[in-house]
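Just structure-v5.tsv here, TSV, N, CA and C atoms:
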```tsv
chain	number	residue	atom	x	y	z
A	30	MET	N	97.37	154.36	117.60
A	30	MET	CA	96.54	154.22	116.43
A	30	MET	C	96.46	152.74	116.07
A	31	ARG	N	95.23	152.24	115.79
A	31	ARG	CA	95.04	150.83	115.44
A	31	ARG	C	94.93	150.69	113.93
A	32	PHE	N	95.52	149.64	113.41
A	32	PHE	CA	95.49	149.35	111.98
A	32	PHE	C	94.81	148.01	111.76
A	33	GLY	N	93.53	147.90	111.98
A	33	GLY	CA	92.84	146.63	111.81
A	33	GLY	C	92.25	146.20	113.13
A	34	ARG	N	91.63	145.05	113.11
A	34	ARG	CA	91.01	144.56	114.33
A	34	ARG	C	91.75	143.34	114.83
A	35	ALA	N	91.64	143.15	116.11
A	35	ALA	CA	92.26	141.96	116.70
A	35	ALA	C	91.47	140.73	116.26
A	36	VAL	N	92.14	139.65	115.99
A	36	VAL	CA	91.49	138.41	115.59
A	36	VAL	C	91.21	137.61	116.85
A	37	LYS	N	89.95	137.29	117.03
A	37	LYS	CA	89.56	136.48	118.18
A	37	LYS	C	89.85	135.02	117.88
A	38	LYS	N	90.05	134.26	118.90
A	38	LYS	CA	90.39	132.85	118.76
A	38	LYS	C	89.33	132.08	117.99
A	39	ASP	N	88.05	132.45	118.15
A	39	ASP	CA	86.97	131.71	117.50
A	39	ASP	C	86.56	132.29	116.15
A	40	ASP	N	87.25	133.34	115.67
A	40	ASP	CA	86.95	133.90	114.35
A	40	ASP	C	87.26	132.88	113.26
A	41	LYS	N	86.35	132.79	112.29
A	41	LYS	CA	86.61	131.92	111.15
A	41	LYS	C	87.49	132.66	110.15
A	42	PRO	N	88.38	131.95	109.48
A	42	PRO	CA	89.19	132.61	108.45
A	42	PRO	C	88.30	133.15	107.34
A	43	VAL	N	88.72	134.23	106.74
A	43	VAL	CA	87.99	134.83	105.64
A	43	VAL	C	88.26	134.02	104.37
A	44	LYS	N	87.20	133.75	103.61
A	44	LYS	CA	87.32	132.96	102.39
A	44	LYS	C	88.02	133.77	101.29
A	45	PRO	N	88.66	133.05	100.36
A	45	PRO	CA	89.17	133.73	99.17
A	45	PRO	C	88.00	134.35	98.40
A	46	VAL	N	88.30	135.31	97.55
A	46	VAL	CA	87.29	136.01	96.77
A	46	VAL	C	87.64	135.90	95.29
A	47	ALA	N	86.62	135.68	94.47
A	47	ALA	CA	86.80	135.66	93.01
A	47	ALA	C	85.94	136.77	92.41
A	48	THR	N	86.56	137.61	91.59
A	48	THR	CA	85.84	138.68	90.90
A	48	THR	C	86.15	138.59	89.42
A	49	ASN	N	85.39	139.32	88.63
A	49	ASN	CA	85.56	139.34	87.17
A	49	ASN	C	85.58	137.93	86.60
A	50	VAL	N	84.70	137.07	87.13
A	50	VAL	CA	84.66	135.68	86.70
A	50	VAL	C	83.98	135.60	85.33
A	51	GLU	N	84.65	134.95	84.41
A	51	GLU	CA	84.12	134.76	83.06
A	51	GLU	C	84.18	133.27	82.75
A	52	ILE	N	83.00	132.66	82.62
A	52	ILE	CA	82.90	131.23	82.38
A	52	ILE	C	82.45	131.03	80.93
A	53	GLY	N	83.40	130.69	80.09
A	53	GLY	CA	83.12	130.57	78.66
A	53	GLY	C	83.35	131.89	77.96
A	54	LEU	N	83.54	131.80	76.67
A	54	LEU	CA	83.75	133.00	75.85
A	54	LEU	C	82.59	133.95	76.03
A	55	ARG	N	82.87	135.21	76.30
A	55	ARG	CA	81.88	136.26	76.54
A	55	ARG	C	80.95	135.89	77.72
A	56	ASN	N	81.46	135.07	78.63
A	56	ASN	CA	80.73	134.66	79.83
A	56	ASN	C	79.39	134.00	79.50
A	57	GLU	N	79.35	133.25	78.41
A	57	GLU	CA	78.09	132.63	77.98
A	57	GLU	C	77.73	131.38	78.78
A	58	LYS	N	78.64	130.92	79.67
A	58	LYS	CA	78.38	129.76	80.53
A	58	LYS	C	77.96	128.53	79.74
A	59	THR	N	78.63	128.37	78.58
A	59	THR	CA	78.37	127.24	77.69
A	59	THR	C	79.69	126.66	77.24
A	60	GLY	N	79.78	125.34	77.25
A	60	GLY	CA	80.95	124.65	76.74
A	60	GLY	C	80.53	123.73	75.60
A	61	TYR	N	81.41	123.58	74.61
A	61	TYR	CA	81.11	122.76	73.45
A	61	TYR	C	81.99	121.51	73.47
A	62	ILE	N	81.36	120.37	73.32
A	62	ILE	CA	82.04	119.08	73.39
A	62	ILE	C	83.22	119.04	72.43
A	63	GLY	N	84.40	118.70	72.95
A	63	GLY	CA	85.60	118.59	72.14
A	63	GLY	C	86.23	119.92	71.75
A	64	GLN	N	85.72	121.01	72.26
A	64	GLN	CA	86.19	122.35	71.88
A	64	GLN	C	86.91	123.02	73.05
A	65	ASP	N	87.70	124.03	72.70
A	65	ASP	CA	88.41	124.84	73.67
A	65	ASP	C	87.42	125.60	74.54
A	66	PHE	N	87.73	125.69	75.83
A	66	PHE	CA	86.88	126.38	76.78
A	66	PHE	C	87.71	127.42	77.53
A	67	HIS	N	87.13	128.58	77.78
A	67	HIS	CA	87.81	129.72	78.39
A	67	HIS	C	87.27	129.98	79.80
A	68	LEU	N	88.20	130.16	80.75
A	68	LEU	CA	87.86	130.54	82.12
A	68	LEU	C	88.77	131.69	82.53
A	69	ASN	N	88.20	132.71	83.13
A	69	ASN	CA	88.98	133.83	83.63
A	69	ASN	C	88.41	134.27	84.97
A	70	ALA	N	89.28	134.56	85.94
A	70	ALA	CA	88.84	135.05	87.24
A	70	ALA	C	90.01	135.73	87.96
A	71	ASP	N	89.71	136.81	88.65
A	71	ASP	CA	90.68	137.44	89.52
A	71	ASP	C	90.46	136.87	90.92
A	72	ILE	N	91.51	136.31	91.51
A	72	ILE	CA	91.42	135.65	92.80
A	72	ILE	C	92.24	136.42	93.83
A	73	LYS	N	91.63	136.63	95.00
A	73	LYS	CA	92.33	137.26	96.12
A	73	LYS	C	92.11	136.39	97.35
A	74	ALA	N	93.17	136.17	98.10
A	74	ALA	CA	93.08	135.40	99.34
A	74	ALA	C	93.73	136.19	100.47
A	75	VAL	N	93.18	136.07	101.66
A	75	VAL	CA	93.76	136.74	102.83
A	75	VAL	C	95.12	136.13	103.13
A	76	THR	N	95.17	134.80	103.07
A	76	THR	CA	96.45	134.11	103.18
A	76	THR	C	96.81	133.64	101.77
A	77	LYS	N	97.76	132.81	101.65
A	77	LYS	CA	98.20	132.36	100.33
A	77	LYS	C	97.25	131.30	99.75
A	78	ILE	N	97.09	131.35	98.44
A	78	ILE	CA	96.28	130.38	97.73
A	78	ILE	C	96.94	129.01	97.83
A	79	ASP	N	96.14	128.00	98.04
A	79	ASP	CA	96.64	126.62	98.05
A	79	ASP	C	96.36	125.95	96.71
A	80	GLU	N	95.11	126.06	96.22
A	80	GLU	CA	94.74	125.34	95.00
A	80	GLU	C	93.55	126.03	94.34
A	81	VAL	N	93.54	126.00	93.01
A	81	VAL	CA	92.41	126.47	92.22
A	81	VAL	C	91.95	125.29	91.38
A	82	SER	N	90.64	125.02	91.41
A	82	SER	CA	90.12	123.90	90.62
A	82	SER	C	88.72	124.21	90.11
A	83	ILE	N	88.31	123.44	89.11
A	83	ILE	CA	86.94	123.52	88.60
A	83	ILE	C	86.38	122.12	88.54
A	84	GLU	N	85.07	122.07	88.55
A	84	GLU	CA	84.36	120.81	88.36
A	84	GLU	C	83.14	121.12	87.51
A	85	ILE	N	82.93	120.32	86.47
A	85	ILE	CA	81.73	120.42	85.65
A	85	ILE	C	81.00	119.10	85.84
A	86	ARG	N	79.73	119.17	86.23
A	86	ARG	CA	79.01	117.92	86.43
A	86	ARG	C	77.58	118.03	85.94
A	87	GLN	N	77.14	116.93	85.35
A	87	GLN	CA	75.74	116.86	84.95
A	87	GLN	C	74.92	116.88	86.23
A	88	ARG	N	73.79	117.43	86.17
A	88	ARG	CA	72.96	117.58	87.38
A	88	ARG	C	72.56	116.25	87.99
A	89	ASP	N	72.51	115.20	87.21
A	89	ASP	CA	72.19	113.89	87.76
A	89	ASP	C	73.42	113.21	88.37
A	90	GLY	N	74.59	113.83	88.22
A	90	GLY	CA	75.82	113.33	88.83
A	90	GLY	C	76.48	112.17	88.11
A	91	ILE	N	75.95	111.79	86.95
A	91	ILE	CA	76.52	110.65	86.23
A	91	ILE	C	77.86	111.00	85.60
A	92	TRP	N	77.99	112.20	85.02
A	92	TRP	CA	79.22	112.60	84.35
A	92	TRP	C	79.84	113.76	85.12
A	93	VAL	N	81.15	113.65	85.42
A	93	VAL	CA	81.88	114.70	86.14
A	93	VAL	C	83.24	114.90	85.49
A	94	PHE	N	83.64	116.16	85.32
A	94	PHE	CA	84.96	116.53	84.81
A	94	PHE	C	85.61	117.45	85.83
A	95	LYS	N	86.86	117.15	86.20
A	95	LYS	CA	87.59	117.97	87.17
A	95	LYS	C	88.92	118.40	86.57
A	96	GLN	N	89.33	119.61	86.93
A	96	GLN	CA	90.62	120.15	86.50
A	96	GLN	C	91.19	120.95	87.67
A	97	THR	N	92.46	120.72	88.00
A	97	THR	CA	93.11	121.41	89.11
A	97	THR	C	94.37	122.10	88.61
A	98	TRP	N	94.62	123.31	89.12
A	98	TRP	CA	95.83	124.04	88.78
A	98	TRP	C	96.58	124.38	90.07
A	99	ASN	N	97.78	123.89	90.18
A	99	ASN	CA	98.60	124.11	91.37
A	99	ASN	C	99.60	125.26	91.22
A	100	GLU	N	99.70	125.83	90.02
A	100	GLU	CA	100.71	126.89	89.82
A	100	GLU	C	100.39	128.19	90.55
A	101	TYR	N	99.19	128.29	91.13
A	101	TYR	CA	98.83	129.50	91.88
A	101	TYR	C	99.15	129.37	93.36
A	102	LYS	N	99.62	128.20	93.76
A	102	LYS	CA	99.95	127.93	95.17
A	102	LYS	C	101.00	128.94	95.65
A	103	GLY	N	100.72	129.54	96.80
A	103	GLY	CA	101.67	130.49	97.39
A	103	GLY	C	101.41	131.94	97.01
A	104	LEU	N	100.52	132.19	96.07
A	104	LEU	CA	100.19	133.57	95.68
A	104	LEU	C	99.03	134.08	96.52
A	105	ARG	N	98.97	135.39	96.68
A	105	ARG	CA	97.84	136.00	97.39
A	105	ARG	C	96.79	136.50	96.42
A	106	ASN	N	97.23	137.11	95.36
A	106	ASN	CA	96.35	137.68	94.35
A	106	ASN	C	96.84	137.24	92.98
A	107	THR	N	95.91	136.83	92.13
A	107	THR	CA	96.31	136.38	90.81
A	107	THR	C	95.15	136.45	89.85
A	108	ASN	N	95.46	136.39	88.58
A	108	ASN	CA	94.46	136.24	87.54
A	108	ASN	C	94.57	134.82	87.02
A	109	VAL	N	93.47	134.11	87.08
A	109	VAL	CA	93.41	132.75	86.53
A	109	VAL	C	92.80	132.88	85.14
A	110	HIS	N	93.61	132.63	84.14
A	110	HIS	CA	93.14	132.66	82.75
A	110	HIS	C	93.53	131.33	82.14
A	111	LYS	N	92.55	130.48	81.94
A	111	LYS	CA	92.81	129.12	81.48
A	111	LYS	C	91.98	128.78	80.25
A	112	HIS	N	92.57	127.95	79.41
A	112	HIS	CA	91.88	127.34	78.28
A	112	HIS	C	92.10	125.84	78.39
A	113	PHE	N	91.02	125.09	78.26
A	113	PHE	CA	91.10	123.64	78.28
A	113	PHE	C	89.97	123.11	77.41
A	114	TYR	N	89.98	121.83	77.13
A	114	TYR	CA	88.98	121.25	76.25
A	114	TYR	C	87.89	120.54	77.03
A	115	ILE	N	86.66	120.72	76.60
A	115	ILE	CA	85.54	119.95	77.14
A	115	ILE	C	85.71	118.54	76.57
A	116	PRO	N	85.80	117.54	77.42
A	116	PRO	CA	86.06	116.17	76.95
A	116	PRO	C	85.03	115.68	75.92
A	117	THR	N	85.49	114.84	75.02
A	117	THR	CA	84.61	114.31	73.98
A	117	THR	C	83.56	113.35	74.52
A	118	ASP	N	83.75	112.86	75.74
A	118	ASP	CA	82.75	111.97	76.34
A	118	ASP	C	81.69	112.74	77.14
A	119	ALA	N	81.76	114.07	77.11
A	119	ALA	CA	80.78	114.87	77.85
A	119	ALA	C	79.41	114.78	77.16
A	120	PRO	N	78.37	114.49	77.93
A	120	PRO	CA	77.03	114.47	77.34
A	120	PRO	C	76.48	115.89	77.23
A	121	ALA	N	75.78	116.16	76.15
A	121	ALA	CA	75.15	117.46	75.98
A	121	ALA	C	74.02	117.61	76.99
A	122	GLY	N	73.82	118.85	77.44
A	122	GLY	CA	72.70	119.12	78.34
A	122	GLY	C	73.08	120.04	79.48
A	123	ALA	N	72.16	120.16	80.42
A	123	ALA	CA	72.34	121.02	81.58
A	123	ALA	C	73.40	120.44	82.51
A	124	ALA	N	74.18	121.32	83.09
A	124	ALA	CA	75.24	120.91	84.01
A	124	ALA	C	75.44	122.02	85.05
A	125	ALA	N	76.36	121.78	85.95
A	125	ALA	CA	76.76	122.79	86.93
A	125	ALA	C	78.26	123.00	86.79
A	126	PHE	N	78.70	124.25	86.86
A	126	PHE	CA	80.11	124.61	86.80
A	126	PHE	C	80.48	125.11	88.19
A	127	LEU	N	81.48	124.47	88.80
A	127	LEU	CA	81.89	124.82	90.15
A	127	LEU	C	83.35	125.28	90.14
A	128	LEU	N	83.58	126.51	90.61
A	128	LEU	CA	84.93	127.06	90.77
A	128	LEU	C	85.27	126.96	92.25
A	129	ARG	N	86.43	126.35	92.55
A	129	ARG	CA	86.88	126.21	93.94
A	129	ARG	C	88.25	126.85	94.10
A	130	VAL	N	88.41	127.58	95.21
A	130	VAL	CA	89.70	128.15	95.57
A	130	VAL	C	89.91	127.88	97.05
A	131	SER	N	90.98	127.18	97.38
A	131	SER	CA	91.30	126.94	98.78
A	131	SER	C	92.56	127.74	99.13
A	132	ASP	N	92.67	128.12	100.41
A	132	ASP	CA	93.85	128.87	100.82
A	132	ASP	C	94.60	128.13	101.93
A	133	ALA	N	95.71	128.70	102.33
A	133	ALA	CA	96.59	128.08	103.32
A	133	ALA	C	95.92	127.93	104.69
A	134	ASN	N	94.89	128.73	104.97
A	134	ASN	CA	94.15	128.64	106.23
A	134	ASN	C	93.13	127.51	106.23
A	135	GLY	N	92.92	126.91	105.06
A	135	GLY	CA	91.89	125.89	104.95
A	135	GLY	C	90.53	126.46	104.59
A	136	SER	N	90.47	127.75	104.31
A	136	SER	CA	89.22	128.37	103.87
A	136	SER	C	88.97	127.98	102.42
A	137	LEU	N	87.69	127.87	102.07
A	137	LEU	CA	87.33	127.41	100.74
A	137	LEU	C	86.25	128.29	100.15
A	138	LEU	N	86.51	128.79	98.94
A	138	LEU	CA	85.51	129.49	98.16
A	138	LEU	C	84.95	128.50	97.15
A	139	GLU	N	83.64	128.39	97.09
A	139	GLU	CA	82.98	127.56	96.08
A	139	GLU	C	81.92	128.40	95.40
A	140	MET	N	82.06	128.57	94.09
A	140	MET	CA	81.08	129.31	93.31
A	140	MET	C	80.47	128.35	92.30
A	141	GLN	N	79.17	128.12	92.41
A	141	GLN	CA	78.50	127.23	91.47
A	141	GLN	C	77.61	128.03	90.54
A	142	THR	N	77.66	127.70	89.24
A	142	THR	CA	76.93	128.40	88.23
A	142	THR	C	76.24	127.41	87.30
A	143	PRO	N	74.98	127.65	86.92
A	143	PRO	CA	74.37	126.80	85.91
A	143	PRO	C	75.18	126.86	84.62
A	144	PHE	N	75.29	125.75	83.94
A	144	PHE	CA	76.19	125.61	82.79
A	144	PHE	C	75.52	124.71	81.76
A	145	THR	N	75.81	124.93	80.50
A	145	THR	CA	75.26	124.10	79.43
A	145	THR	C	76.39	123.49	78.61
A	146	ILE	N	76.29	122.21	78.34
A	146	ILE	CA	77.22	121.53	77.46
A	146	ILE	C	76.49	121.28	76.15
A	147	ARG	N	77.10	121.70	75.04
A	147	ARG	CA	76.46	121.56	73.73
A	147	ARG	C	77.39	120.87	72.74
A	148	GLU	N	76.76	120.26	71.76
A	148	GLU	CA	77.55	119.71	70.64
A	148	GLU	C	77.84	120.86	69.70
A	149	LYS	N	78.99	120.82	69.07
A	149	LYS	CA	79.38	121.90	68.14
A	149	LYS	C	78.82	121.63	66.78
```
What's the structure tokens form of this structure?
Amino acid sequence: MRFGRAVKKDDKPVKPVATNVEIGLRNEKTGYIGQDFHLNADIKAVTKIDEVSIEIRQRDGIWVFKQTWNEYKGLRNTNVHKHFYIPTDAPAGAAAFLLRVSDANGSLLEMQTPFTIREK
């Protein structure tokens, strides 16, 4: 009886998966300058997670904010529930929110979502 398939030498590693992703309170995909911001996601990796990070960038690329969390390193499945502040130097307007998860195999999940930065 076989329990799975044989991995061929040229098979690419399977990427990590993020489900139940919530970007902002009630998943509104909006951050307020100088205010607390909420991120939630269930992460699963075939191998162990190496790093979880986010990047918020204005579409013109002038302003970029990055945040990395290493406490998930070595886990296979986890819930990422984070609160952090949108920096006070963030310009209001359209942006992109990028969630990245890398694993021990070097596979990378990148989820990009349209995002809005607003003044409170």
Who sits within 6 Å of Glu51 of chain A, all atoms listed in the file, same chain under 2 positions skipped, as a VMD selection string: chain A and resid 49 53 56 67 to 70
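Using all atoms listed in the file, the shortest contact distance between Ile85 of chain A and any of A:Ala124, A:Ile115, A:Leu104, A:Leu138 is found at A:Ala124.
Remark: residues at most 7 Å from position (75.0, 124.3, 79.4) in file coordinates are Lys58, Thr59, Gly60, Gly122, Ala123, Ala124, Pro143, Phe144, Thr145, Ile146 and Arg147 of chain A, using all atoms listed in the file.
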Taking N, CA and C atoms for each residue, export the selection above as a PDB file, in the frame of the given file.
```
ATOM      1  N   LYS A  58      78.640 130.920  79.670  1.00  0.00           N
ATOM      2  CA  LYS A  58      78.380 129.760  80.530  1.00  0.00           C
ATOM      3  C   LYS A  58      77.960 128.530  79.740  1.00  0.00           C
ATOM      4  N   THR A  59      78.630 128.370  78.580  1.00  0.00           N
ATOM      5  CA  THR A  59      78.370 127.240  77.690  1.00  0.00           C
ATOM      6  C   THR A  59      79.690 126.660  77.240  1.00  0.00           C
ATOM      7  N   GLY A  60      79.780 125.340  77.250  1.00  0.00           N
ATOM      8  CA  GLY A  60      80.950 124.650  76.740  1.00  0.00           C
ATOM      9  C   GLY A  60      80.530 123.730  75.600  1.00  0.00           C
ATOM     10  N   GLY A 122      73.820 118.850  77.440  1.00  0.00           N
ATOM     11  CA  GLY A 122      72.700 119.120  78.340  1.00  0.00           C
ATOM     12  C   GLY A 122      73.080 120.040  79.480  1.00  0.00           C
ATOM     13  N   ALA A 123      72.160 120.160  80.420  1.00  0.00           N
ATOM     14  CA  ALA A 123      72.340 121.020  81.580  1.00  0.00           C
ATOM     15  C   ALA A 123      73.400 120.440  82.510  1.00  0.00           C
ATOM     16  N   ALA A 124      74.180 121.320  83.090  1.00  0.00           N
ATOM     17  CA  ALA A 124      75.240 120.910  84.010  1.00  0.00           C
ATOM     18  C   ALA A 124      75.440 122.020  85.050  1.00  0.00           C
ATOM     19  N   PRO A 143      74.980 127.650  86.920  1.00  0.00           N
ATOM     20  CA  PRO A 143      74.370 126.800  85.910  1.00  0.00           C
ATOM     21  C   PRO A 143      75.180 126.860  84.620  1.00  0.00           C
ATOM     22  N   PHE A 144      75.290 125.750  83.940  1.00  0.00           N
ATOM     23  CA  PHE A 144      76.190 125.610  82.790  1.00  0.00           C
ATOM     24  C   PHE A 144      75.520 124.710  81.760  1.00  0.00           C
ATOM     25  N   THR A 145      75.810 124.930  80.500  1.00  0.00           N
ATOM     26  CA  THR A 145      75.260 124.100  79.430  1.00  0.00           C
ATOM     27  C   THR A 145      76.390 123.490  78.610  1.00  0.00           C
ATOM     28  N   ILE A 146      76.290 122.210  78.340  1.00  0.00           N
ATOM     29  CA  ILE A 146      77.220 121.530  77.460  1.00  0.00           C
ATOM     30  C   ILE A 146      76.490 121.280  76.150  1.00  0.00           C
ATOM     31  N   ARG A 147      77.100 121.700  75.040  1.00  0.00           N
ATOM     32  CA  ARG A 147      76.460 121.560  73.730  1.00  0.00           C
ATOM     33  C   ARG A 147      77.390 120.870  72.740  1.00  0.00           C
TER      34      ARG A 147
END
```
Nearest to His112 of chain A by atom-to-atom distance, counting all atoms listed in the file, from A:Arg129, A:Phe66, A:Glu100, A:Lys149: A:Phe66
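If you measure from each of A:Glu84, A:Asp118, A:Asp89, A:Asp79 to Gly103 of chain A using all atoms listed in the file, the closest one turns out to be A:Asp79.
Pairwise distance (atom C of Lys102 of chain A, atom CA of Ile52 of chain A) equals 22.6 Å.
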Top pick for closest residue to Arg86 of chain A, considering A:Ala125, A:Tyr101, A:Glu57, A:Leu137 and counting only N, CA and C atoms: A:Ala125
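The closest residue to Tyr61 of chain A, picked from A:Asn134, A:Ser82, A:Thr117, A:Gln141 and counting only N, CA and C atoms, is A:Thr117.
Residues with any atom within 6.5 Å of Thr107 of chain A, counting all atoms listed in the file and excluding same-chain neighbours fewer than 6 positions away, are Ala70, Asp71, Ile72 and Lys73 of chain A.
If you count only C-alpha atoms and ignore residues fewer than 4 places along the chain from Leu128 of chain A, what sits within 6 Å of it is Ile83, Glu139 and Met140 of chain A.
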Counting only C-alpha atoms, the option among A:Val75, A:Pro116, A:Lys44, A:Arg105 closest to Trp92 of chain A: A:Pro116
All strand (DSSP E) residues (DSSP, backbone) inside chain A, as JSON, numbers by chain: {"A": [46, 47, 48, 49, 50, 51, 52, 59, 60, 61, 65, 66, 67, 68, 69, 70, 71, 72, 73, 78, 79, 80, 81, 82, 83, 84, 85, 86, 87, 93, 94, 95, 96, 97, 98, 106, 107, 108, 109, 110, 111, 112, 113, 114, 122, 123, 124, 125, 126, 127, 128, 129, 130, 131, 132, 137, 138, 139, 140, 141, 142, 143, 144, 145, 146, 147]}
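Interatomic distance, atom CA of Trp98 of chain A against atom CA of Val43 of chain A: 21.5 Å.
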Pairwise distance for atom N of Val81 of chain A and atom N of Arg55 of chain A, rounded to one decimal in Å: 21.9 Å
